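Data file: protein_30.tsv. Format and content: TSV, N, CA and C atoms.
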```tsv
chain	number	residue	atom	x	y	z
A	1	MET	N	47.58	82.52	124.26
A	1	MET	CA	47.05	83.56	123.39
A	1	MET	C	45.54	83.38	123.21
A	2	GLU	N	45.10	82.12	123.14
A	2	GLU	CA	43.67	81.87	122.99
A	2	GLU	C	42.88	82.44	124.16
A	3	GLU	N	43.42	82.26	125.36
A	3	GLU	CA	42.71	82.77	126.54
A	3	GLU	C	42.66	84.30	126.51
A	4	CYS	N	43.70	84.93	126.00
A	4	CYS	CA	43.68	86.39	125.87
A	4	CYS	C	42.56	86.84	124.94
A	5	LYS	N	42.39	86.10	123.85
A	5	LYS	CA	41.32	86.44	122.91
A	5	LYS	C	39.96	86.28	123.57
A	6	VAL	N	39.79	85.18	124.30
A	6	VAL	CA	38.52	84.92	124.97
A	6	VAL	C	38.24	86.01	126.01
A	7	ALA	N	39.29	86.44	126.71
A	7	ALA	CA	39.14	87.46	127.75
A	7	ALA	C	39.04	88.87	127.17
A	8	GLY	N	39.24	89.00	125.87
A	8	GLY	CA	39.13	90.30	125.22
A	8	GLY	C	40.32	91.22	125.48
A	9	LEU	N	41.49	90.63	125.74
A	9	LEU	CA	42.68	91.43	126.00
A	9	LEU	C	43.36	91.81	124.69
A	10	ASN	N	43.89	93.04	124.65
A	10	ASN	CA	44.66	93.42	123.47
A	10	ASN	C	46.06	92.81	123.58
A	11	GLU	N	46.86	92.98	122.56
A	11	GLU	CA	48.17	92.33	122.52
A	11	GLU	C	49.08	92.78	123.66
A	12	LEU	N	49.08	94.06	123.97
A	12	LEU	CA	49.92	94.57	125.06
A	12	LEU	C	49.47	93.99	126.40
A	13	GLN	N	48.17	93.99	126.65
A	13	GLN	CA	47.64	93.42	127.89
A	13	GLN	C	47.97	91.93	127.98
A	14	CYS	N	47.86	91.25	126.89
A	14	CYS	CA	48.15	89.82	126.85
A	14	CYS	C	49.63	89.57	127.14
A	15	ASP	N	50.50	90.34	126.52
A	15	ASP	CA	51.94	90.19	126.77
A	15	ASP	C	52.27	90.42	128.24
A	16	LYS	N	51.65	91.44	128.85
A	16	LYS	CA	51.88	91.71	130.27
A	16	LYS	C	51.37	90.55	131.13
A	17	SER	N	50.22	90.02	130.78
A	17	SER	CA	49.65	88.90	131.53
A	17	SER	C	50.54	87.66	131.44
A	18	ILE	N	51.03	87.38	130.25
A	18	ILE	CA	51.92	86.23	130.05
A	18	ILE	C	53.23	86.43	130.80
A	19	GLU	N	53.79	87.62	130.75
A	19	GLU	CA	55.04	87.90	131.46
A	19	GLU	C	54.86	87.78	132.98
A	20	SER	N	53.74	88.26	133.47
A	20	SER	CA	53.47	88.14	134.90
A	20	SER	C	53.36	86.67	135.31
A	21	ALA	N	52.67	85.88	134.49
A	21	ALA	CA	52.53	84.45	134.78
A	21	ALA	C	53.89	83.75	134.72
A	22	ARG	N	54.72	84.13	133.77
A	22	ARG	CA	56.07	83.54	133.68
A	22	ARG	C	56.91	83.86	134.92
A	23	GLN	N	56.83	85.10	135.38
A	23	GLN	CA	57.58	85.48	136.58
A	23	GLN	C	57.08	84.71	137.80
A	24	HIS	N	55.77	84.57	137.91
A	24	HIS	CA	55.19	83.79	139.01
A	24	HIS	C	55.67	82.34	138.93
A	25	LEU	N	55.64	81.76	137.74
A	25	LEU	CA	56.07	80.39	137.54
A	25	LEU	C	57.55	80.23	137.86
A	26	ASP	N	58.38	81.18	137.46
A	26	ASP	CA	59.81	81.13	137.77
A	26	ASP	C	60.05	81.14	139.29
A	27	GLY	N	59.30	82.00	140.00
A	27	GLY	CA	59.45	82.07	141.45
A	27	GLY	C	59.04	80.77	142.13
A	28	VAL	N	57.95	80.18	141.66
A	28	VAL	CA	57.48	78.91	142.21
A	28	VAL	C	58.48	77.80	141.90
A	29	ASN	N	59.01	77.80	140.69
A	29	ASN	CA	60.01	76.79	140.32
A	29	ASN	C	61.23	76.89	141.22
A	30	ASP	N	61.65	78.09	141.57
A	30	ASP	CA	62.79	78.27	142.47
A	30	ASP	C	62.49	77.66	143.84
A	31	ARG	N	61.27	77.88	144.33
A	31	ARG	CA	60.88	77.31	145.63
A	31	ARG	C	60.88	75.78	145.58
A	32	ILE	N	60.35	75.22	144.50
A	32	ILE	CA	60.31	73.76	144.37
A	32	ILE	C	61.73	73.21	144.25
A	33	GLU	N	62.59	73.91	143.53
A	33	GLU	CA	63.99	73.48	143.40
A	33	GLU	C	64.65	73.40	144.78
A	34	LEU	N	64.42	74.38	145.64
A	34	LEU	CA	64.96	74.35	147.00
A	34	LEU	C	64.40	73.17	147.79
A	35	LEU	N	63.11	72.92	147.64
A	35	LEU	CA	62.50	71.78	148.33
A	35	LEU	C	63.10	70.46	147.86
A	36	LEU	N	63.36	70.35	146.57
A	36	LEU	CA	63.95	69.11	146.04
A	36	LEU	C	65.35	68.86	146.60
A	37	LYS	N	66.06	69.92	146.93
A	37	LYS	CA	67.42	69.79	147.45
A	37	LYS	C	67.45	69.60	148.97
A	38	SER	N	66.33	69.86	149.63
A	38	SER	CA	66.29	69.77	151.09
A	38	SER	C	66.17	68.31	151.54
A	39	PRO	N	67.01	67.90	152.48
A	39	PRO	CA	66.90	66.52	152.98
A	39	PRO	C	65.61	66.29	153.79
A	40	LYS	N	64.96	67.34	154.22
A	40	LYS	CA	63.70	67.21	154.97
A	40	LYS	C	62.52	66.87	154.06
A	41	THR	N	62.62	67.18	152.79
A	41	THR	CA	61.50	67.05	151.87
A	41	THR	C	61.16	65.59	151.60
A	42	ASN	N	59.87	65.27	151.75
A	42	ASN	CA	59.38	63.95	151.37
A	42	ASN	C	59.10	64.04	149.86
A	43	LEU	N	59.99	63.47	149.08
A	43	LEU	CA	59.89	63.59	147.62
A	43	LEU	C	58.63	62.93	147.08
A	44	CYS	N	58.15	61.89	147.75
A	44	CYS	CA	56.91	61.24	147.32
A	44	CYS	C	55.76	62.25	147.32
A	45	ASP	N	55.65	63.02	148.40
A	45	ASP	CA	54.61	64.03	148.50
A	45	ASP	C	54.78	65.09	147.43
A	46	LEU	N	55.99	65.62	147.33
A	46	LEU	CA	56.23	66.73	146.41
A	46	LEU	C	55.94	66.33	144.97
A	47	VAL	N	56.38	65.14	144.59
A	47	VAL	CA	56.13	64.69	143.22
A	47	VAL	C	54.63	64.51	142.98
A	48	ARG	N	53.93	63.96	143.96
A	48	ARG	CA	52.49	63.78	143.81
A	48	ARG	C	51.79	65.13	143.68
A	49	TRP	N	52.14	66.06	144.57
A	49	TRP	CA	51.48	67.37	144.53
A	49	TRP	C	51.80	68.12	143.25
A	50	ALA	N	53.06	68.14	142.87
A	50	ALA	CA	53.43	68.85	141.64
A	50	ALA	C	52.88	68.13	140.41
A	51	GLY	N	52.89	66.81	140.46
A	51	GLY	CA	52.37	66.03	139.33
A	51	GLY	C	50.90	66.24	139.08
A	52	SER	N	50.16	66.58	140.14
A	52	SER	CA	48.73	66.83	139.96
A	52	SER	C	48.48	68.08	139.12
A	53	CYS	N	49.51	68.87	138.91
A	53	CYS	CA	49.39	70.10	138.12
A	53	CYS	C	49.54	69.86	136.63
A	54	ASN	N	49.79	68.62	136.25
A	54	ASN	CA	49.99	68.29	134.84
A	54	ASN	C	48.64	68.22	134.14
A	55	ASN	N	48.19	69.37	133.67
A	55	ASN	CA	46.89	69.48	133.03
A	55	ASN	C	47.05	70.29	131.75
A	56	PRO	N	46.80	69.68	130.59
A	56	PRO	CA	47.04	70.37	129.32
A	56	PRO	C	46.18	71.61	129.08
A	57	VAL	N	45.10	71.78	129.83
A	57	VAL	CA	44.26	72.96	129.62
A	57	VAL	C	44.68	74.13	130.50
A	58	TYR	N	45.66	73.91	131.39
A	58	TYR	CA	46.12	74.99	132.25
A	58	TYR	C	46.86	76.06	131.46
A	59	THR	N	46.58	77.29	131.81
A	59	THR	CA	47.38	78.39	131.29
A	59	THR	C	48.65	78.47	132.15
A	60	LEU	N	49.58	79.33	131.78
A	60	LEU	CA	50.79	79.52	132.60
A	60	LEU	C	50.40	79.94	134.01
A	61	GLY	N	49.43	80.82	134.13
A	61	GLY	CA	48.98	81.29	135.44
A	61	GLY	C	48.37	80.17	136.27
A	62	ASP	N	47.55	79.32	135.63
A	62	ASP	CA	46.96	78.18	136.33
A	62	ASP	C	48.05	77.24	136.83
A	63	LEU	N	49.03	76.97	135.98
A	63	LEU	CA	50.13	76.09	136.35
A	63	LEU	C	50.92	76.66	137.51
A	64	ALA	N	51.22	77.95	137.47
A	64	ALA	CA	51.97	78.60	138.54
A	64	ALA	C	51.18	78.54	139.85
A	65	ASP	N	49.87	78.78	139.80
A	65	ASP	CA	49.05	78.71	141.01
A	65	ASP	C	49.04	77.31	141.59
A	66	CYS	N	48.89	76.31	140.73
A	66	CYS	CA	48.86	74.93	141.18
A	66	CYS	C	50.20	74.54	141.80
A	67	LEU	N	51.30	74.88	141.14
A	67	LEU	CA	52.62	74.55	141.66
A	67	LEU	C	52.93	75.32	142.94
A	68	GLN	N	52.37	76.52	143.06
A	68	GLN	CA	52.56	77.28	144.29
A	68	GLN	C	51.96	76.53	145.47
A	69	THR	N	50.82	75.90	145.26
A	69	THR	CA	50.20	75.10	146.31
A	69	THR	C	51.10	73.93	146.69
A	70	ALA	N	51.72	73.29	145.70
A	70	ALA	CA	52.65	72.19	145.99
A	70	ALA	C	53.83	72.69	146.82
A	71	ALA	N	54.37	73.85	146.46
A	71	ALA	CA	55.50	74.42	147.22
A	71	ALA	C	55.05	74.81	148.63
A	72	ASP	N	53.86	75.40	148.75
A	72	ASP	CA	53.34	75.78	150.07
A	72	ASP	C	53.22	74.55	150.97
A	73	ARG	N	52.68	73.47	150.42
A	73	ARG	CA	52.52	72.24	151.20
A	73	ARG	C	53.88	71.68	151.62
A	74	GLY	N	54.82	71.64	150.68
A	74	GLY	CA	56.15	71.12	150.99
A	74	GLY	C	56.84	71.94	152.07
A	75	GLU	N	56.74	73.24	151.97
A	75	GLU	CA	57.38	74.11	152.98
A	75	GLU	C	56.70	73.95	154.34
A	76	ALA	N	55.37	73.82	154.35
A	76	ALA	CA	54.65	73.64	155.62
A	76	ALA	C	55.03	72.30	156.26
A	77	LEU	N	55.13	71.27	155.45
A	77	LEU	CA	55.51	69.96	155.97
A	77	LEU	C	56.93	69.98	156.52
A	78	ASN	N	57.85	70.60	155.79
A	78	ASN	CA	59.25	70.66	156.23
A	78	ASN	C	59.41	71.47	157.51
A	79	SER	N	58.56	72.47	157.70
A	79	SER	CA	58.69	73.32	158.88
A	79	SER	C	57.96	72.73	160.09
A	80	GLY	N	57.24	71.64	159.88
A	80	GLY	CA	56.51	71.01	160.98
A	80	GLY	C	55.16	71.64	161.27
A	81	ARG	N	54.67	72.50	160.36
A	81	ARG	CA	53.35	73.12	160.58
A	81	ARG	C	52.24	72.09	160.47
A	82	PHE	N	52.49	70.97	159.79
A	82	PHE	CA	51.58	69.83	159.83
A	82	PHE	C	52.39	68.58	159.57
A	83	THR	N	51.84	67.45	159.92
A	83	THR	CA	52.55	66.18	159.77
A	83	THR	C	51.66	65.18	159.05
A	84	LEU	N	52.29	64.16	158.51
A	84	LEU	CA	51.58	63.10	157.80
A	84	LEU	C	52.04	61.75	158.35
A	85	ASN	N	51.13	60.78	158.37
A	85	ASN	CA	51.52	59.40	158.65
A	85	ASN	C	52.07	58.81	157.36
A	86	LEU	N	53.22	58.14	157.46
A	86	LEU	CA	53.87	57.60	156.27
A	86	LEU	C	53.84	56.08	156.28
A	87	ASP	N	53.71	55.48	155.10
A	87	ASP	CA	53.78	54.04	154.98
A	87	ASP	C	55.25	53.61	154.92
A	88	PRO	N	55.53	52.31	154.85
A	88	PRO	CA	56.94	51.86	154.83
A	88	PRO	C	57.76	52.40	153.66
A	89	HIS	N	57.09	52.89	152.61
A	89	HIS	CA	57.80	53.45	151.45
A	89	HIS	C	58.01	54.95	151.58
A	90	GLY	N	57.53	55.54	152.66
A	90	GLY	CA	57.69	56.97	152.86
A	90	GLY	C	56.62	57.81	152.23
A	91	CYS	N	55.51	57.18	151.85
A	91	CYS	CA	54.41	57.91	151.23
A	91	CYS	C	53.27	58.08	152.25
A	92	PRO	N	52.50	59.16	152.13
A	92	PRO	CA	51.42	59.41	153.08
A	92	PRO	C	50.38	58.30	153.09
A	93	THR	N	49.84	58.05	154.26
A	93	THR	CA	48.78	57.06	154.40
A	93	THR	C	47.79	57.56	155.46
A	94	ASP	N	46.56	57.08	155.37
A	94	ASP	CA	45.58	57.47	156.38
A	94	ASP	C	45.51	56.45	157.53
A	95	LYS	N	46.40	55.47	157.52
A	95	LYS	CA	46.44	54.45	158.57
A	95	LYS	C	47.34	54.85	159.71
```
Please go through the file and, once you have read it, give me the structure as structure tokens.
Amino acid sequence: MEECKVAGLNELQCDKSIESARQHLDGVNDRIELLLKSPKTNLCDLVRWAGSCNNPVYTLGDLADCLQTAADRGEALNSGRFTLNLDPHGCPTDK
């Protein structure tokens, strides 16, 4: 609500903005849920990427955008569009 005030949005515009962000977040959460259930998913990567979104100043929209990037990366990795070198624990390494 604070961001709506700063942006000069009225209550109706703010409600629409919040609802849109919630829908985006729900869609991203569904994608991450599928990744978590996939045996192809490197959970170390996914947790690191999604965990980087833990920022108390993020709005719902910021959080959804950040988590969307985590889902995009997980899906790209699972599909073989890019690969990572893994250490003995299954986490990415530059070695």
Give me, as a tab-separated table (two decimals) with N, CA and C atoms, in the coordinates of the input, all polymer residues having an atom no more than 7 Å from region 23-25 of chain A, counting only N, CA and C atoms and skipping those fewer than 2 positions away in the same chain.
```tsv
chain	number	residue	atom	x	y	z
A	18	ILE	N	51.03	87.38	130.25
A	18	ILE	CA	51.92	86.23	130.05
A	18	ILE	C	53.23	86.43	130.80
A	19	GLU	N	53.79	87.62	130.75
A	19	GLU	CA	55.04	87.90	131.46
A	19	GLU	C	54.86	87.78	132.98
A	20	SER	N	53.74	88.26	133.47
A	20	SER	CA	53.47	88.14	134.90
A	20	SER	C	53.36	86.67	135.31
A	21	ALA	N	52.67	85.88	134.49
A	21	ALA	CA	52.53	84.45	134.78
A	21	ALA	C	53.89	83.75	134.72
A	27	GLY	N	59.30	82.00	140.00
A	27	GLY	CA	59.45	82.07	141.45
A	27	GLY	C	59.04	80.77	142.13
A	28	VAL	N	57.95	80.18	141.66
A	28	VAL	CA	57.48	78.91	142.21
A	28	VAL	C	58.48	77.80	141.90
A	29	ASN	N	59.01	77.80	140.69
A	29	ASN	CA	60.01	76.79	140.32
A	29	ASN	C	61.23	76.89	141.22
A	30	ASP	N	61.65	78.09	141.57
A	30	ASP	CA	62.79	78.27	142.47
A	30	ASP	C	62.49	77.66	143.84
A	60	LEU	N	49.58	79.33	131.78
A	60	LEU	CA	50.79	79.52	132.60
A	60	LEU	C	50.40	79.94	134.01
A	63	LEU	N	49.03	76.97	135.98
A	63	LEU	CA	50.13	76.09	136.35
A	63	LEU	C	50.92	76.66	137.51
A	64	ALA	N	51.22	77.95	137.47
A	64	ALA	CA	51.97	78.60	138.54
A	64	ALA	C	51.18	78.54	139.85
A	65	ASP	N	49.87	78.78	139.80
A	65	ASP	CA	49.05	78.71	141.01
A	65	ASP	C	49.04	77.31	141.59
```
Atom-to-atom span, CA of Leu46 (chain A) and atom C of Ala71 (chain A), Å: 8.5 Å
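What separates CA of Glu2 (chain A) from CA of Asn55 (chain A) is a distance of 16.3 Å.
Using only N, CA and C atoms, the nearest neighbour of Glu3 (chain A) within the list A:Gly51, A:Ser79, A:Thr59, A:Leu86 is A:Thr59.
We find CA of Asp87 (chain A) and CA of Leu67 (chain A) to be spaced 24.5 Å apart.
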All heavy atoms restored at region 55-66 of chain A, emitted as a PDB file, in the coordinates of the input:
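part38.pdb, freshly written:
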```pdb
ATOM      1  N   ASN A  55      48.190  69.370 133.670  1.00  0.00           N
ATOM      2  CA  ASN A  55      46.890  69.480 133.030  1.00  0.00           C
ATOM      3  C   ASN A  55      47.050  70.290 131.750  1.00  0.00           C
ATOM      4  O   ASN A  55      47.411  71.465 131.796  1.00  0.00           O
ATOM      5  CB  ASN A  55      45.891  70.161 133.973  1.00  0.00           C
ATOM      6  CG  ASN A  55      44.488  70.150 133.439  1.00  0.00           C
ATOM      7  OD1 ASN A  55      44.257  70.125 132.241  1.00  0.00           O
ATOM      8  ND2 ASN A  55      43.525  70.173 134.343  1.00  0.00           N
ATOM      9  N   PRO A  56      46.800  69.680 130.590  1.00  0.00           N
ATOM     10  CA  PRO A  56      47.040  70.370 129.320  1.00  0.00           C
ATOM     11  C   PRO A  56      46.180  71.610 129.080  1.00  0.00           C
ATOM     12  O   PRO A  56      46.514  72.422 128.226  1.00  0.00           O
ATOM     13  CB  PRO A  56      46.770  69.300 128.263  1.00  0.00           C
ATOM     14  CG  PRO A  56      45.941  68.279 128.938  1.00  0.00           C
ATOM     15  CD  PRO A  56      46.281  68.333 130.406  1.00  0.00           C
ATOM     16  N   VAL A  57      45.100  71.780 129.830  1.00  0.00           N
ATOM     17  CA  VAL A  57      44.260  72.960 129.620  1.00  0.00           C
ATOM     18  C   VAL A  57      44.680  74.130 130.500  1.00  0.00           C
ATOM     19  O   VAL A  57      44.116  75.215 130.393  1.00  0.00           O
ATOM     20  CB  VAL A  57      42.753  72.660 129.813  1.00  0.00           C
ATOM     21  CG1 VAL A  57      42.287  71.613 128.821  1.00  0.00           C
ATOM     22  CG2 VAL A  57      42.447  72.253 131.227  1.00  0.00           C
ATOM     23  N   TYR A  58      45.660  73.910 131.390  1.00  0.00           N
ATOM     24  CA  TYR A  58      46.120  74.990 132.250  1.00  0.00           C
ATOM     25  C   TYR A  58      46.860  76.060 131.460  1.00  0.00           C
ATOM     26  O   TYR A  58      47.670  75.755 130.595  1.00  0.00           O
ATOM     27  CB  TYR A  58      47.066  74.457 133.327  1.00  0.00           C
ATOM     28  CG  TYR A  58      46.405  73.883 134.561  1.00  0.00           C
ATOM     29  CD1 TYR A  58      47.177  73.366 135.582  1.00  0.00           C
ATOM     30  CD2 TYR A  58      45.029  73.854 134.718  1.00  0.00           C
ATOM     31  CE1 TYR A  58      46.593  72.833 136.718  1.00  0.00           C
ATOM     32  CE2 TYR A  58      44.444  73.325 135.849  1.00  0.00           C
ATOM     33  CZ  TYR A  58      45.234  72.818 136.847  1.00  0.00           C
ATOM     34  OH  TYR A  58      44.653  72.297 137.970  1.00  0.00           O
ATOM     35  N   THR A  59      46.580  77.290 131.810  1.00  0.00           N
ATOM     36  CA  THR A  59      47.380  78.390 131.290  1.00  0.00           C
ATOM     37  C   THR A  59      48.650  78.470 132.150  1.00  0.00           C
ATOM     38  O   THR A  59      48.765  77.770 133.160  1.00  0.00           O
ATOM     39  CB  THR A  59      46.614  79.721 131.427  1.00  0.00           C
ATOM     40  OG1 THR A  59      46.398  79.983 132.814  1.00  0.00           O
ATOM     41  CG2 THR A  59      45.290  79.682 130.674  1.00  0.00           C
ATOM     42  N   LEU A  60      49.580  79.330 131.780  1.00  0.00           N
ATOM     43  CA  LEU A  60      50.790  79.520 132.600  1.00  0.00           C
ATOM     44  C   LEU A  60      50.400  79.940 134.010  1.00  0.00           C
ATOM     45  O   LEU A  60      50.983  79.472 134.992  1.00  0.00           O
ATOM     46  CB  LEU A  60      51.704  80.579 131.994  1.00  0.00           C
ATOM     47  CG  LEU A  60      52.599  80.167 130.846  1.00  0.00           C
ATOM     48  CD1 LEU A  60      53.399  81.372 130.358  1.00  0.00           C
ATOM     49  CD2 LEU A  60      53.518  79.048 131.243  1.00  0.00           C
ATOM     50  N   GLY A  61      49.430  80.820 134.130  1.00  0.00           N
ATOM     51  CA  GLY A  61      48.980  81.290 135.440  1.00  0.00           C
ATOM     52  C   GLY A  61      48.370  80.170 136.270  1.00  0.00           C
ATOM     53  O   GLY A  61      48.639  80.048 137.459  1.00  0.00           O
ATOM     54  N   ASP A  62      47.550  79.320 135.630  1.00  0.00           N
ATOM     55  CA  ASP A  62      46.960  78.180 136.330  1.00  0.00           C
ATOM     56  C   ASP A  62      48.050  77.240 136.830  1.00  0.00           C
ATOM     57  O   ASP A  62      48.004  76.760 137.963  1.00  0.00           O
ATOM     58  CB  ASP A  62      46.029  77.383 135.411  1.00  0.00           C
ATOM     59  CG  ASP A  62      44.796  78.141 134.973  1.00  0.00           C
ATOM     60  OD1 ASP A  62      44.394  79.081 135.687  1.00  0.00           O
ATOM     61  OD2 ASP A  62      44.245  77.791 133.915  1.00  0.00           O
ATOM     62  N   LEU A  63      49.030  76.970 135.980  1.00  0.00           N
ATOM     63  CA  LEU A  63      50.130  76.090 136.350  1.00  0.00           C
ATOM     64  C   LEU A  63      50.920  76.660 137.510  1.00  0.00           C
ATOM     65  O   LEU A  63      51.243  75.964 138.469  1.00  0.00           O
ATOM     66  CB  LEU A  63      51.043  75.855 135.145  1.00  0.00           C
ATOM     67  CG  LEU A  63      52.261  74.964 135.383  1.00  0.00           C
ATOM     68  CD1 LEU A  63      51.837  73.567 135.838  1.00  0.00           C
ATOM     69  CD2 LEU A  63      53.106  74.882 134.125  1.00  0.00           C
ATOM     70  N   ALA A  64      51.220  77.950 137.470  1.00  0.00           N
ATOM     71  CA  ALA A  64      51.970  78.600 138.540  1.00  0.00           C
ATOM     72  C   ALA A  64      51.180  78.540 139.850  1.00  0.00           C
ATOM     73  O   ALA A  64      51.752  78.239 140.908  1.00  0.00           O
ATOM     74  CB  ALA A  64      52.284  80.051 138.175  1.00  0.00           C
ATOM     75  N   ASP A  65      49.870  78.780 139.800  1.00  0.00           N
ATOM     76  CA  ASP A  65      49.050  78.710 141.010  1.00  0.00           C
ATOM     77  C   ASP A  65      49.040  77.310 141.590  1.00  0.00           C
ATOM     78  O   ASP A  65      49.150  77.119 142.802  1.00  0.00           O
ATOM     79  CB  ASP A  65      47.613  79.160 140.718  1.00  0.00           C
ATOM     80  CG  ASP A  65      47.497  80.640 140.441  1.00  0.00           C
ATOM     81  OD1 ASP A  65      48.439  81.397 140.780  1.00  0.00           O
ATOM     82  OD2 ASP A  65      46.466  81.052 139.886  1.00  0.00           O
ATOM     83  N   CYS A  66      48.890  76.310 140.730  1.00  0.00           N
ATOM     84  CA  CYS A  66      48.860  74.930 141.180  1.00  0.00           C
ATOM     85  C   CYS A  66      50.200  74.540 141.800  1.00  0.00           C
ATOM     86  O   CYS A  66      50.259  73.952 142.888  1.00  0.00           O
ATOM     87  CB  CYS A  66      48.528  73.997 140.015  1.00  0.00           C
ATOM     88  SG  CYS A  66      48.357  72.261 140.489  1.00  0.00           S
TER      89      CYS A  66
END
```
